file target_5.txt (compact mmCIF, all heavy atoms)
# COMPACT_ATOMS: atom_id res chain seq x y z
N ARG A 1 18.48 -18.11 2.03
CA ARG A 1 19.75 -17.68 2.59
C ARG A 1 19.67 -16.25 3.09
O ARG A 1 20.35 -15.90 4.03
CB ARG A 1 20.84 -17.81 1.55
CG ARG A 1 21.14 -19.25 1.17
CD ARG A 1 22.20 -19.33 0.12
NE ARG A 1 21.76 -18.57 -1.04
CZ ARG A 1 22.44 -18.41 -2.13
NH1 ARG A 1 23.62 -18.92 -2.26
NH2 ARG A 1 21.95 -17.71 -3.13
N THR A 2 18.88 -15.43 2.44
CA THR A 2 18.76 -14.04 2.88
C THR A 2 17.28 -13.68 2.96
O THR A 2 16.44 -14.31 2.34
CB THR A 2 19.45 -13.06 1.90
OG1 THR A 2 18.81 -13.15 0.63
CG2 THR A 2 20.92 -13.37 1.76
N ALA A 3 17.01 -12.67 3.71
CA ALA A 3 15.64 -12.19 3.84
C ALA A 3 15.67 -10.69 4.05
O ALA A 3 16.60 -10.15 4.63
CB ALA A 3 14.95 -12.87 5.02
N GLU A 4 14.67 -10.04 3.54
CA GLU A 4 14.50 -8.60 3.73
C GLU A 4 13.05 -8.33 4.08
O GLU A 4 12.15 -8.83 3.41
CB GLU A 4 14.86 -7.84 2.46
CG GLU A 4 16.30 -7.96 2.04
CD GLU A 4 16.58 -7.21 0.75
OE1 GLU A 4 15.94 -6.19 0.50
OE2 GLU A 4 17.43 -7.68 0.00
N VAL A 5 12.85 -7.56 5.12
CA VAL A 5 11.50 -7.21 5.54
C VAL A 5 11.50 -5.76 5.97
O VAL A 5 12.41 -5.30 6.64
CB VAL A 5 11.02 -8.09 6.71
CG1 VAL A 5 9.66 -7.64 7.20
CG2 VAL A 5 10.98 -9.56 6.31
N THR A 6 10.50 -5.04 5.54
CA THR A 6 10.31 -3.68 6.01
C THR A 6 8.95 -3.64 6.70
O THR A 6 7.95 -4.03 6.11
CB THR A 6 10.32 -2.67 4.85
OG1 THR A 6 11.56 -2.77 4.18
CG2 THR A 6 10.12 -1.26 5.33
N LEU A 7 8.95 -3.22 7.93
CA LEU A 7 7.70 -3.11 8.67
C LEU A 7 7.53 -1.68 9.12
O LEU A 7 8.50 -0.92 9.21
CB LEU A 7 7.73 -4.03 9.90
CG LEU A 7 7.80 -5.52 9.61
CD1 LEU A 7 7.98 -6.29 10.92
CD2 LEU A 7 6.55 -5.99 8.91
N GLY A 8 6.32 -1.34 9.44
CA GLY A 8 6.04 0.01 9.90
C GLY A 8 5.36 0.81 8.81
O GLY A 8 5.13 0.33 7.71
N GLY A 9 5.05 2.00 9.12
CA GLY A 9 4.34 2.84 8.17
C GLY A 9 2.91 3.08 8.63
O GLY A 9 2.53 2.75 9.75
N VAL A 10 2.12 3.61 7.75
CA VAL A 10 0.73 3.93 8.05
C VAL A 10 -0.04 2.62 8.22
O VAL A 10 0.04 1.72 7.37
CB VAL A 10 0.10 4.77 6.92
CG1 VAL A 10 -1.37 5.03 7.18
CG2 VAL A 10 0.86 6.08 6.76
N SER A 11 -0.76 2.51 9.30
CA SER A 11 -1.55 1.30 9.56
C SER A 11 -2.64 1.13 8.52
O SER A 11 -3.35 2.09 8.18
CB SER A 11 -2.18 1.38 10.95
OG SER A 11 -3.07 0.30 11.14
N THR A 12 -2.81 -0.09 8.05
CA THR A 12 -3.88 -0.36 7.08
C THR A 12 -5.26 -0.20 7.71
O THR A 12 -6.24 -0.03 6.98
CB THR A 12 -3.73 -1.77 6.48
OG1 THR A 12 -3.68 -2.72 7.55
CG2 THR A 12 -2.47 -1.87 5.65
N ASP A 13 -5.34 -0.22 9.03
CA ASP A 13 -6.62 0.01 9.71
C ASP A 13 -7.09 1.45 9.53
O ASP A 13 -8.28 1.73 9.67
CB ASP A 13 -6.50 -0.28 11.20
CG ASP A 13 -6.31 -1.76 11.50
OD1 ASP A 13 -6.69 -2.60 10.65
OD2 ASP A 13 -5.78 -2.07 12.58
N ASP A 14 -6.15 2.35 9.23
CA ASP A 14 -6.47 3.77 9.10
C ASP A 14 -6.74 4.21 7.67
O ASP A 14 -6.94 5.39 7.41
CB ASP A 14 -5.31 4.61 9.66
CG ASP A 14 -5.08 4.36 11.14
OD1 ASP A 14 -6.06 4.02 11.85
OD2 ASP A 14 -3.94 4.49 11.60
N VAL A 15 -6.76 3.23 6.74
CA VAL A 15 -6.90 3.54 5.32
C VAL A 15 -8.00 2.66 4.72
O VAL A 15 -8.07 1.46 5.01
CB VAL A 15 -5.57 3.28 4.58
CG1 VAL A 15 -5.70 3.51 3.09
CG2 VAL A 15 -4.47 4.16 5.15
N SER A 16 -8.84 3.24 3.90
CA SER A 16 -9.87 2.46 3.22
C SER A 16 -9.23 1.53 2.20
O SER A 16 -8.48 1.98 1.33
CB SER A 16 -10.84 3.40 2.50
OG SER A 16 -11.67 2.66 1.59
N SER A 17 -9.53 0.25 2.28
CA SER A 17 -8.97 -0.71 1.33
C SER A 17 -9.60 -0.58 -0.06
O SER A 17 -9.05 -1.07 -1.03
CB SER A 17 -9.16 -2.14 1.85
OG SER A 17 -10.54 -2.44 1.98
N LYS A 18 -10.72 0.11 -0.16
CA LYS A 18 -11.39 0.29 -1.45
C LYS A 18 -10.90 1.51 -2.20
O LYS A 18 -10.97 1.56 -3.43
CB LYS A 18 -12.90 0.37 -1.25
CG LYS A 18 -13.48 -0.93 -0.75
CD LYS A 18 -14.97 -0.87 -0.61
CE LYS A 18 -15.45 -2.23 -0.10
NZ LYS A 18 -16.86 -2.29 0.12
N THR A 19 -10.40 2.52 -1.47
CA THR A 19 -9.99 3.77 -2.11
C THR A 19 -8.56 4.19 -1.80
O THR A 19 -8.02 5.07 -2.45
CB THR A 19 -10.91 4.92 -1.68
OG1 THR A 19 -10.73 5.16 -0.27
CG2 THR A 19 -12.36 4.62 -1.99
N MET A 20 -7.96 3.59 -0.78
CA MET A 20 -6.63 3.95 -0.27
C MET A 20 -6.63 5.33 0.40
O MET A 20 -5.59 5.92 0.63
CB MET A 20 -5.55 3.90 -1.37
CG MET A 20 -5.51 2.58 -2.13
SD MET A 20 -5.48 1.10 -1.11
CE MET A 20 -3.93 1.29 -0.28
N GLU A 21 -7.80 5.84 0.74
CA GLU A 21 -7.94 7.15 1.36
C GLU A 21 -7.87 7.03 2.88
O GLU A 21 -8.42 6.09 3.46
CB GLU A 21 -9.27 7.77 0.96
CG GLU A 21 -9.47 9.18 1.41
CD GLU A 21 -10.74 9.79 0.82
OE1 GLU A 21 -11.69 9.04 0.52
OE2 GLU A 21 -10.77 11.01 0.65
N ALA A 22 -7.19 7.99 3.51
CA ALA A 22 -7.11 8.02 4.97
C ALA A 22 -8.51 8.22 5.55
O ALA A 22 -9.24 9.11 5.11
CB ALA A 22 -6.18 9.14 5.42
N LYS A 23 -8.85 7.41 6.51
CA LYS A 23 -10.18 7.51 7.12
C LYS A 23 -10.33 8.80 7.92
O LYS A 23 -11.41 9.38 7.97
CB LYS A 23 -10.43 6.31 8.02
CG LYS A 23 -10.55 5.01 7.24
CD LYS A 23 -10.73 3.82 8.16
CE LYS A 23 -10.83 2.53 7.37
NZ LYS A 23 -10.93 1.36 8.26
N ALA A 24 -9.24 9.27 8.52
CA ALA A 24 -9.29 10.46 9.38
C ALA A 24 -9.12 11.76 8.62
O ALA A 24 -9.37 12.83 9.17
CB ALA A 24 -8.22 10.36 10.46
N CYS A 25 -8.71 11.69 7.35
CA CYS A 25 -8.42 12.90 6.59
C CYS A 25 -8.82 12.72 5.13
O CYS A 25 -7.99 12.35 4.30
CB CYS A 25 -6.93 13.25 6.70
SG CYS A 25 -6.52 14.83 5.95
N PRO A 26 -10.09 12.95 4.81
CA PRO A 26 -10.54 12.79 3.44
C PRO A 26 -9.68 13.60 2.46
O PRO A 26 -9.27 14.72 2.76
CB PRO A 26 -11.98 13.32 3.47
CG PRO A 26 -12.41 13.12 4.88
CD PRO A 26 -11.16 13.37 5.71
N GLY A 27 -9.36 12.98 1.35
CA GLY A 27 -8.54 13.64 0.34
C GLY A 27 -7.06 13.29 0.45
O GLY A 27 -6.27 13.65 -0.41
N LEU A 28 -6.67 12.57 1.52
CA LEU A 28 -5.29 12.14 1.71
C LEU A 28 -5.22 10.65 1.41
O LEU A 28 -5.95 9.85 2.01
CB LEU A 28 -4.84 12.41 3.14
CG LEU A 28 -3.42 11.99 3.50
CD1 LEU A 28 -2.39 12.76 2.66
CD2 LEU A 28 -3.17 12.21 4.99
N PHE A 29 -4.38 10.27 0.46
CA PHE A 29 -4.27 8.89 0.02
C PHE A 29 -2.87 8.36 0.32
O PHE A 29 -1.89 9.09 0.21
CB PHE A 29 -4.55 8.79 -1.48
CG PHE A 29 -5.96 9.14 -1.85
CD1 PHE A 29 -6.34 10.46 -1.98
CD2 PHE A 29 -6.90 8.16 -2.06
CE1 PHE A 29 -7.64 10.80 -2.32
CE2 PHE A 29 -8.21 8.48 -2.38
CZ PHE A 29 -8.58 9.80 -2.51
N PHE A 30 -2.80 7.08 0.68
CA PHE A 30 -1.52 6.41 0.94
C PHE A 30 -1.42 5.19 0.05
O PHE A 30 -2.39 4.45 -0.10
CB PHE A 30 -1.43 5.96 2.41
CG PHE A 30 -1.37 7.10 3.38
CD1 PHE A 30 -2.48 7.45 4.11
CD2 PHE A 30 -0.20 7.81 3.56
CE1 PHE A 30 -2.44 8.49 5.03
CE2 PHE A 30 -0.14 8.86 4.47
CZ PHE A 30 -1.26 9.20 5.20
N ILE A 31 -0.24 4.98 -0.55
CA ILE A 31 -0.04 3.84 -1.43
C ILE A 31 1.33 3.22 -1.19
O ILE A 31 2.21 3.82 -0.57
CB ILE A 31 -0.18 4.23 -2.91
CG1 ILE A 31 0.92 5.22 -3.32
CG2 ILE A 31 -1.56 4.79 -3.21
CD1 ILE A 31 1.04 5.43 -4.81
N GLY A 32 1.51 2.03 -1.72
CA GLY A 32 2.81 1.37 -1.76
C GLY A 32 3.44 1.16 -0.40
O GLY A 32 2.77 0.84 0.59
N GLU A 33 4.75 1.34 -0.35
CA GLU A 33 5.52 1.00 0.83
C GLU A 33 5.35 1.95 2.00
O GLU A 33 5.88 1.70 3.08
CB GLU A 33 6.99 0.87 0.47
CG GLU A 33 7.25 -0.31 -0.44
CD GLU A 33 8.71 -0.49 -0.79
OE1 GLU A 33 9.52 0.42 -0.51
OE2 GLU A 33 9.04 -1.54 -1.36
N VAL A 34 4.61 3.04 1.81
CA VAL A 34 4.35 3.93 2.94
C VAL A 34 3.35 3.28 3.91
O VAL A 34 3.27 3.66 5.07
CB VAL A 34 3.84 5.32 2.46
CG1 VAL A 34 2.40 5.25 1.99
CG2 VAL A 34 4.00 6.36 3.54
N LEU A 35 2.63 2.27 3.44
CA LEU A 35 1.69 1.54 4.28
C LEU A 35 2.38 0.37 4.97
O LEU A 35 3.36 -0.17 4.47
CB LEU A 35 0.52 1.02 3.43
CG LEU A 35 -0.42 2.11 2.92
CD1 LEU A 35 -1.24 1.59 1.76
CD2 LEU A 35 -1.31 2.59 4.04
N ASP A 36 1.85 -0.03 6.10
CA ASP A 36 2.41 -1.14 6.87
C ASP A 36 1.93 -2.46 6.26
O ASP A 36 1.05 -3.13 6.77
CB ASP A 36 1.98 -1.04 8.34
CG ASP A 36 2.67 -2.07 9.21
OD1 ASP A 36 3.66 -2.68 8.76
OD2 ASP A 36 2.20 -2.27 10.35
N VAL A 37 2.52 -2.80 5.12
CA VAL A 37 2.22 -4.04 4.41
C VAL A 37 3.55 -4.71 4.11
O VAL A 37 4.48 -4.06 3.63
CB VAL A 37 1.47 -3.75 3.09
CG1 VAL A 37 1.26 -5.02 2.29
CG2 VAL A 37 0.14 -3.08 3.36
N SER A 38 3.65 -5.98 4.39
CA SER A 38 4.88 -6.70 4.07
C SER A 38 4.53 -7.93 3.24
O SER A 38 3.43 -8.47 3.35
CB SER A 38 5.65 -7.08 5.33
OG SER A 38 4.87 -7.90 6.16
N GLY A 39 5.45 -8.35 2.41
CA GLY A 39 5.22 -9.50 1.56
C GLY A 39 6.53 -10.09 1.09
O GLY A 39 7.61 -9.61 1.45
N HIS A 40 6.44 -11.11 0.27
CA HIS A 40 7.62 -11.79 -0.25
C HIS A 40 8.36 -10.91 -1.24
O HIS A 40 7.77 -10.07 -1.92
CB HIS A 40 7.20 -13.09 -0.94
CG HIS A 40 6.58 -14.07 -0.01
ND1 HIS A 40 7.31 -14.80 0.91
CD2 HIS A 40 5.30 -14.45 0.14
CE1 HIS A 40 6.50 -15.58 1.57
NE2 HIS A 40 5.27 -15.39 1.14
N LEU A 41 9.64 -11.13 -1.34
CA LEU A 41 10.45 -10.46 -2.36
C LEU A 41 10.17 -11.09 -3.72
O LEU A 41 9.62 -12.18 -3.81
CB LEU A 41 11.95 -10.61 -2.04
CG LEU A 41 12.43 -9.89 -0.79
CD1 LEU A 41 13.90 -10.20 -0.56
CD2 LEU A 41 12.22 -8.41 -0.92
N GLY A 42 10.55 -10.41 -4.75
CA GLY A 42 10.39 -10.98 -6.09
C GLY A 42 9.36 -10.25 -6.92
O GLY A 42 8.69 -10.84 -7.75
N GLY A 43 9.21 -8.97 -6.68
CA GLY A 43 8.27 -8.19 -7.48
C GLY A 43 6.94 -7.94 -6.82
O GLY A 43 6.13 -7.18 -7.32
N PHE A 44 6.69 -8.59 -5.70
CA PHE A 44 5.40 -8.40 -5.04
C PHE A 44 5.24 -6.97 -4.54
O PHE A 44 4.14 -6.42 -4.56
CB PHE A 44 5.24 -9.39 -3.88
CG PHE A 44 5.18 -10.82 -4.34
CD1 PHE A 44 6.29 -11.65 -4.20
CD2 PHE A 44 4.03 -11.34 -4.93
CE1 PHE A 44 6.25 -12.97 -4.63
CE2 PHE A 44 3.98 -12.65 -5.36
CZ PHE A 44 5.09 -13.47 -5.23
N ASN A 45 6.33 -6.36 -4.09
CA ASN A 45 6.24 -4.97 -3.63
C ASN A 45 5.94 -4.03 -4.80
O ASN A 45 5.24 -3.05 -4.65
CB ASN A 45 7.50 -4.54 -2.88
CG ASN A 45 8.75 -4.63 -3.71
OD1 ASN A 45 8.86 -5.48 -4.59
ND2 ASN A 45 9.70 -3.76 -3.44
N PHE A 46 6.47 -4.36 -5.98
CA PHE A 46 6.13 -3.56 -7.17
C PHE A 46 4.65 -3.70 -7.49
O PHE A 46 3.97 -2.73 -7.80
CB PHE A 46 6.95 -3.99 -8.38
CG PHE A 46 8.39 -3.60 -8.32
CD1 PHE A 46 9.37 -4.56 -8.47
CD2 PHE A 46 8.77 -2.29 -8.11
CE1 PHE A 46 10.71 -4.21 -8.42
CE2 PHE A 46 10.10 -1.92 -8.05
CZ PHE A 46 11.08 -2.89 -8.21
N GLN A 47 4.14 -4.92 -7.45
CA GLN A 47 2.73 -5.15 -7.74
C GLN A 47 1.85 -4.40 -6.75
O GLN A 47 0.85 -3.80 -7.13
CB GLN A 47 2.40 -6.64 -7.72
CG GLN A 47 0.96 -6.95 -8.07
CD GLN A 47 0.58 -6.47 -9.45
OE1 GLN A 47 1.28 -6.73 -10.41
NE2 GLN A 47 -0.52 -5.74 -9.57
N TRP A 48 2.23 -4.42 -5.47
CA TRP A 48 1.47 -3.69 -4.45
C TRP A 48 1.50 -2.19 -4.74
O TRP A 48 0.48 -1.51 -4.64
CB TRP A 48 2.01 -4.01 -3.07
CG TRP A 48 1.48 -3.11 -2.00
CD1 TRP A 48 2.18 -2.26 -1.21
CD2 TRP A 48 0.11 -2.94 -1.62
NE1 TRP A 48 1.35 -1.58 -0.37
CE2 TRP A 48 0.06 -1.98 -0.60
CE3 TRP A 48 -1.09 -3.51 -2.05
CZ2 TRP A 48 -1.12 -1.58 0.00
CZ3 TRP A 48 -2.27 -3.10 -1.44
CH2 TRP A 48 -2.27 -2.16 -0.43
N ALA A 49 2.66 -1.66 -5.09
CA ALA A 49 2.78 -0.23 -5.39
C ALA A 49 1.90 0.14 -6.58
O ALA A 49 1.17 1.14 -6.53
CB ALA A 49 4.24 0.13 -5.67
N TRP A 50 1.95 -0.65 -7.64
CA TRP A 50 1.15 -0.35 -8.83
C TRP A 50 -0.35 -0.50 -8.55
O TRP A 50 -1.15 0.35 -8.95
CB TRP A 50 1.54 -1.26 -9.98
CG TRP A 50 2.94 -1.05 -10.46
CD1 TRP A 50 3.63 0.13 -10.52
CD2 TRP A 50 3.84 -2.04 -10.93
NE1 TRP A 50 4.90 -0.08 -10.99
CE2 TRP A 50 5.06 -1.40 -11.26
CE3 TRP A 50 3.75 -3.42 -11.11
CZ2 TRP A 50 6.15 -2.09 -11.76
CZ3 TRP A 50 4.85 -4.11 -11.60
CH2 TRP A 50 6.03 -3.44 -11.92
N SER A 51 -0.72 -1.56 -7.87
CA SER A 51 -2.14 -1.82 -7.61
C SER A 51 -2.74 -0.78 -6.67
O SER A 51 -3.84 -0.28 -6.91
CB SER A 51 -2.32 -3.22 -7.01
OG SER A 51 -1.90 -4.19 -7.92
N SER A 52 -2.02 -0.47 -5.59
CA SER A 52 -2.55 0.52 -4.65
C SER A 52 -2.56 1.91 -5.29
O SER A 52 -3.48 2.70 -5.07
CB SER A 52 -1.77 0.51 -3.34
OG SER A 52 -0.40 0.83 -3.55
N GLY A 53 -1.56 2.21 -6.11
CA GLY A 53 -1.53 3.49 -6.82
C GLY A 53 -2.67 3.62 -7.81
O GLY A 53 -3.31 4.67 -7.91
N TYR A 54 -2.93 2.56 -8.53
CA TYR A 54 -4.05 2.57 -9.49
C TYR A 54 -5.37 2.78 -8.76
O TYR A 54 -6.20 3.59 -9.18
CB TYR A 54 -4.08 1.25 -10.27
CG TYR A 54 -5.26 1.16 -11.21
CD1 TYR A 54 -5.18 1.76 -12.46
CD2 TYR A 54 -6.42 0.53 -10.83
CE1 TYR A 54 -6.28 1.69 -13.33
CE2 TYR A 54 -7.51 0.46 -11.68
CZ TYR A 54 -7.44 1.05 -12.94
OH TYR A 54 -8.51 1.00 -13.78
N THR A 55 -5.54 2.04 -7.65
CA THR A 55 -6.77 2.17 -6.87
C THR A 55 -6.95 3.60 -6.38
O THR A 55 -8.04 4.18 -6.53
CB THR A 55 -6.75 1.19 -5.69
OG1 THR A 55 -6.65 -0.15 -6.20
CG2 THR A 55 -7.99 1.32 -4.84
N ALA A 56 -5.91 4.17 -5.78
CA ALA A 56 -6.03 5.54 -5.27
C ALA A 56 -6.31 6.51 -6.41
O ALA A 56 -7.10 7.46 -6.24
CB ALA A 56 -4.74 5.93 -4.56
N GLY A 57 -5.72 6.29 -7.56
CA GLY A 57 -5.92 7.17 -8.71
C GLY A 57 -7.36 7.19 -9.22
O GLY A 57 -7.79 8.17 -9.83
N GLN A 58 -8.09 6.13 -8.96
CA GLN A 58 -9.49 6.09 -9.38
C GLN A 58 -10.38 7.01 -8.54
O GLN A 58 -11.45 7.38 -8.95
CB GLN A 58 -10.03 4.64 -9.29
CG GLN A 58 -9.28 3.66 -10.15
CD GLN A 58 -9.29 4.04 -11.61
OE1 GLN A 58 -10.35 4.20 -12.21
NE2 GLN A 58 -8.12 4.18 -12.19
N PHE A 59 -9.90 7.36 -7.35
CA PHE A 59 -10.71 8.13 -6.40
C PHE A 59 -10.12 9.50 -6.05
O PHE A 59 -10.81 10.31 -5.43
CB PHE A 59 -10.92 7.32 -5.12
CG PHE A 59 -11.66 6.04 -5.36
CD1 PHE A 59 -10.98 4.86 -5.57
CD2 PHE A 59 -13.04 6.03 -5.43
CE1 PHE A 59 -11.67 3.67 -5.81
CE2 PHE A 59 -13.74 4.85 -5.67
CZ PHE A 59 -13.05 3.68 -5.87
N ALA A 60 -8.88 9.73 -6.41
CA ALA A 60 -8.22 10.99 -6.06
C ALA A 60 -8.75 12.15 -6.90
O ALA A 60 -9.19 12.00 -7.99
CB ALA A 60 -6.72 10.87 -6.21

call {"tool": "encode", "arguments": {"input": "target_5.txt", "output": "structure tokens"}}
result
Amino acid sequence: RTAEVTLGGVSTDDVSSKTMEAKACPGLFFIGEVLDVSGHLGGFNFQWAWSSGYTAGQFA
């Protein structure tokens, strides 16, 4: 009956999927909803935020 989508943000092509670090600016990390990633509602955005944050934290 309802839908919510947020699009836009930093392109995933510009960020390393292994470290979440910006390819053009070493030392700059992007996580969560600041990236151009969309998914289903129901906690998936929380999982993405936690997972990408954890990944970036391993390399920051």

call {"tool": "residues_around", "arguments": {"input": "target_5.txt", "residues": "stretch 16-29 of chain A", "least_positions_apart": "2", "cutoff": "4.5 Å", "atoms": "all atoms listed in the file", "output": "PDB file with all heavy atoms, in the frame of the given file"}}
result
ATOM      1  N   ASP A  13      -5.340  -0.220   9.030  1.00  0.00           N
ATOM      2  CA  ASP A  13      -6.620   0.010   9.710  1.00  0.00           C
ATOM      3  C   ASP A  13      -7.090   1.450   9.530  1.00  0.00           C
ATOM      4  O   ASP A  13      -8.280   1.730   9.670  1.00  0.00           O
ATOM      5  CB  ASP A  13      -6.500  -0.280  11.200  1.00  0.00           C
ATOM      6  CG  ASP A  13      -6.310  -1.760  11.500  1.00  0.00           C
ATOM      7  OD1 ASP A  13      -6.690  -2.600  10.650  1.00  0.00           O
ATOM      8  OD2 ASP A  13      -5.780  -2.070  12.580  1.00  0.00           O
ATOM      9  N   ASP A  14      -6.150   2.350   9.230  1.00  0.00           N
ATOM     10  CA  ASP A  14      -6.470   3.770   9.100  1.00  0.00           C
ATOM     11  C   ASP A  14      -6.740   4.210   7.670  1.00  0.00           C
ATOM     12  O   ASP A  14      -6.940   5.390   7.410  1.00  0.00           O
ATOM     13  CB  ASP A  14      -5.310   4.610   9.660  1.00  0.00           C
ATOM     14  CG  ASP A  14      -5.080   4.360  11.140  1.00  0.00           C
ATOM     15  OD1 ASP A  14      -6.060   4.020  11.850  1.00  0.00           O
ATOM     16  OD2 ASP A  14      -3.940   4.490  11.600  1.00  0.00           O
ATOM     17  N   ILE A  31      -0.240   4.980  -0.550  1.00  0.00           N
ATOM     18  CA  ILE A  31      -0.040   3.840  -1.430  1.00  0.00           C
ATOM     19  C   ILE A  31       1.330   3.220  -1.190  1.00  0.00           C
ATOM     20  O   ILE A  31       2.210   3.820  -0.570  1.00  0.00           O
ATOM     21  CB  ILE A  31      -0.180   4.230  -2.910  1.00  0.00           C
ATOM     22  CG1 ILE A  31       0.920   5.220  -3.320  1.00  0.00           C
ATOM     23  CG2 ILE A  31      -1.560   4.790  -3.210  1.00  0.00           C
ATOM     24  CD1 ILE A  31       1.040   5.430  -4.810  1.00  0.00           C
ATOM     25  N   LEU A  35       2.630   2.270   3.440  1.00  0.00           N
ATOM     26  CA  LEU A  35       1.690   1.540   4.280  1.00  0.00           C
ATOM     27  C   LEU A  35       2.380   0.370   4.970  1.00  0.00           C
ATOM     28  O   LEU A  35       3.360  -0.170   4.470  1.00  0.00           O
ATOM     29  CB  LEU A  35       0.520   1.020   3.430  1.00  0.00           C
ATOM     30  CG  LEU A  35      -0.420   2.110   2.920  1.00  0.00           C
ATOM     31  CD1 LEU A  35      -1.240   1.590   1.760  1.00  0.00           C
ATOM     32  CD2 LEU A  35      -1.310   2.590   4.040  1.00  0.00           C
ATOM     33  N   TRP A  48       2.230  -4.420  -5.470  1.00  0.00           N
ATOM     34  CA  TRP A  48       1.470  -3.690  -4.450  1.00  0.00           C
ATOM     35  C   TRP A  48       1.500  -2.190  -4.740  1.00  0.00           C
ATOM     36  O   TRP A  48       0.480  -1.510  -4.640  1.00  0.00           O
ATOM     37  CB  TRP A  48       2.010  -4.010  -3.070  1.00  0.00           C
ATOM     38  CG  TRP A  48       1.480  -3.110  -2.000  1.00  0.00           C
ATOM     39  CD1 TRP A  48       2.180  -2.260  -1.210  1.00  0.00           C
ATOM     40  CD2 TRP A  48       0.110  -2.940  -1.620  1.00  0.00           C
ATOM     41  NE1 TRP A  48       1.350  -1.580  -0.370  1.00  0.00           N
ATOM     42  CE2 TRP A  48       0.060  -1.980  -0.600  1.00  0.00           C
ATOM     43  CE3 TRP A  48      -1.090  -3.510  -2.050  1.00  0.00           C
ATOM     44  CZ2 TRP A  48      -1.120  -1.580   0.000  1.00  0.00           C
ATOM     45  CZ3 TRP A  48      -2.270  -3.100  -1.440  1.00  0.00           C
ATOM     46  CH2 TRP A  48      -2.270  -2.160  -0.430  1.00  0.00           C
ATOM     47  N   SER A  52      -2.020  -0.470  -5.590  1.00  0.00           N
ATOM     48  CA  SER A  52      -2.550   0.520  -4.650  1.00  0.00           C
ATOM     49  C   SER A  52      -2.560   1.910  -5.290  1.00  0.00           C
ATOM     50  O   SER A  52      -3.480   2.700  -5.070  1.00  0.00           O
ATOM     51  CB  SER A  52      -1.770   0.510  -3.340  1.00  0.00           C
ATOM     52  OG  SER A  52      -0.400   0.830  -3.550  1.00  0.00           O
ATOM     53  N   THR A  55      -5.540   2.040  -7.650  1.00  0.00           N
ATOM     54  CA  THR A  55      -6.770   2.170  -6.870  1.00  0.00           C
ATOM     55  C   THR A  55      -6.950   3.600  -6.380  1.00  0.00           C
ATOM     56  O   THR A  55      -8.040   4.180  -6.530  1.00  0.00           O
ATOM     57  CB  THR A  55      -6.750   1.190  -5.690  1.00  0.00           C
ATOM     58  OG1 THR A  55      -6.650  -0.150  -6.200  1.00  0.00           O
ATOM     59  CG2 THR A  55      -7.990   1.320  -4.840  1.00  0.00           C
ATOM     60  N   ALA A  56      -5.910   4.170  -5.780  1.00  0.00           N
ATOM     61  CA  ALA A  56      -6.030   5.540  -5.270  1.00  0.00           C
ATOM     62  C   ALA A  56      -6.310   6.510  -6.410  1.00  0.00           C
ATOM     63  O   ALA A  56      -7.100   7.460  -6.240  1.00  0.00           O
ATOM     64  CB  ALA A  56      -4.740   5.930  -4.560  1.00  0.00           C
ATOM     65  N   PHE A  59      -9.900   7.360  -7.350  1.00  0.00           N
ATOM     66  CA  PHE A  59     -10.710   8.130  -6.400  1.00  0.00           C
ATOM     67  C   PHE A  59     -10.120   9.500  -6.050  1.00  0.00           C
ATOM     68  O   PHE A  59     -10.810  10.310  -5.430  1.00  0.00           O
ATOM     69  CB  PHE A  59     -10.920   7.320  -5.120  1.00  0.00           C
ATOM     70  CG  PHE A  59     -11.660   6.040  -5.360  1.00  0.00           C
ATOM     71  CD1 PHE A  59     -10.980   4.860  -5.570  1.00  0.00           C
ATOM     72  CD2 PHE A  59     -13.040   6.030  -5.430  1.00  0.00           C
ATOM     73  CE1 PHE A  59     -11.670   3.670  -5.810  1.00  0.00           C
ATOM     74  CE2 PHE A  59     -13.740   4.850  -5.670  1.00  0.00           C
ATOM     75  CZ  PHE A  59     -13.050   3.680  -5.870  1.00  0.00           C
ATOM     76  N   ALA A  60      -8.880   9.730  -6.410  1.00  0.00           N
ATOM     77  CA  ALA A  60      -8.220  10.990  -6.060  1.00  0.00           C
ATOM     78  C   ALA A  60      -8.750  12.150  -6.900  1.00  0.00           C
ATOM     79  O   ALA A  60      -9.190  12.000  -7.990  1.00  0.00           O
ATOM     80  CB  ALA A  60      -6.720  10.870  -6.210  1.00  0.00           C
TER      81      ALA A  60
END

call {"tool": "atom_distance", "arguments": {"input": "target_5.txt", "atom1": "atom CZ2 of A:Trp50", "atom2": "atom CA of A:Asp36"}}
result
19.0 Å

call {"tool": "select_by_dssp", "arguments": {"input": "target_5.txt", "residues": "chain A", "states": "helix (DSSP H, G or I)", "output": "number ranges by chain"}}
result
A: 12-14, 32-34, 44-59

call {"tool": "closest_residue", "arguments": {"input": "target_5.txt", "among": "A:Gly53, A:Gly9, A:Gln47, A:Gln58", "to": "A:Val34", "atoms": "only C-alpha atoms"}}
result
A:Gly9

call {"tool": "atom_distance", "arguments": {"input": "target_5.txt", "atom1": "atom CB of A:Ser11", "atom2": "atom CG2 of A:Val37"}}
result
9.1 Å

call {"tool": "atom_distance", "arguments": {"input": "target_5.txt", "atom1": "atom CG1 of A:Val15", "atom2": "atom N of A:Gly32"}}
result
8.8 Å

call {"tool": "axis_aligned_box", "arguments": {"input": "target_5.txt", "around": "stretch 29-40 of chain A", "padding_each_side": "3 Å", "output": "JSON"}}
result
{"center_x": 0.5, "center_y": -2.4, "center_z": 2.8, "size_x": 24.1, "size_y": 32.4, "size_z": 21.2}

call {"tool": "select_by_dssp", "arguments": {"input": "target_5.txt", "residues": "chain A", "states": "strand (DSSP E or B)", "output": "PyMOL selection string"}}
result
chain A and resi 10+15+21-22+29+35
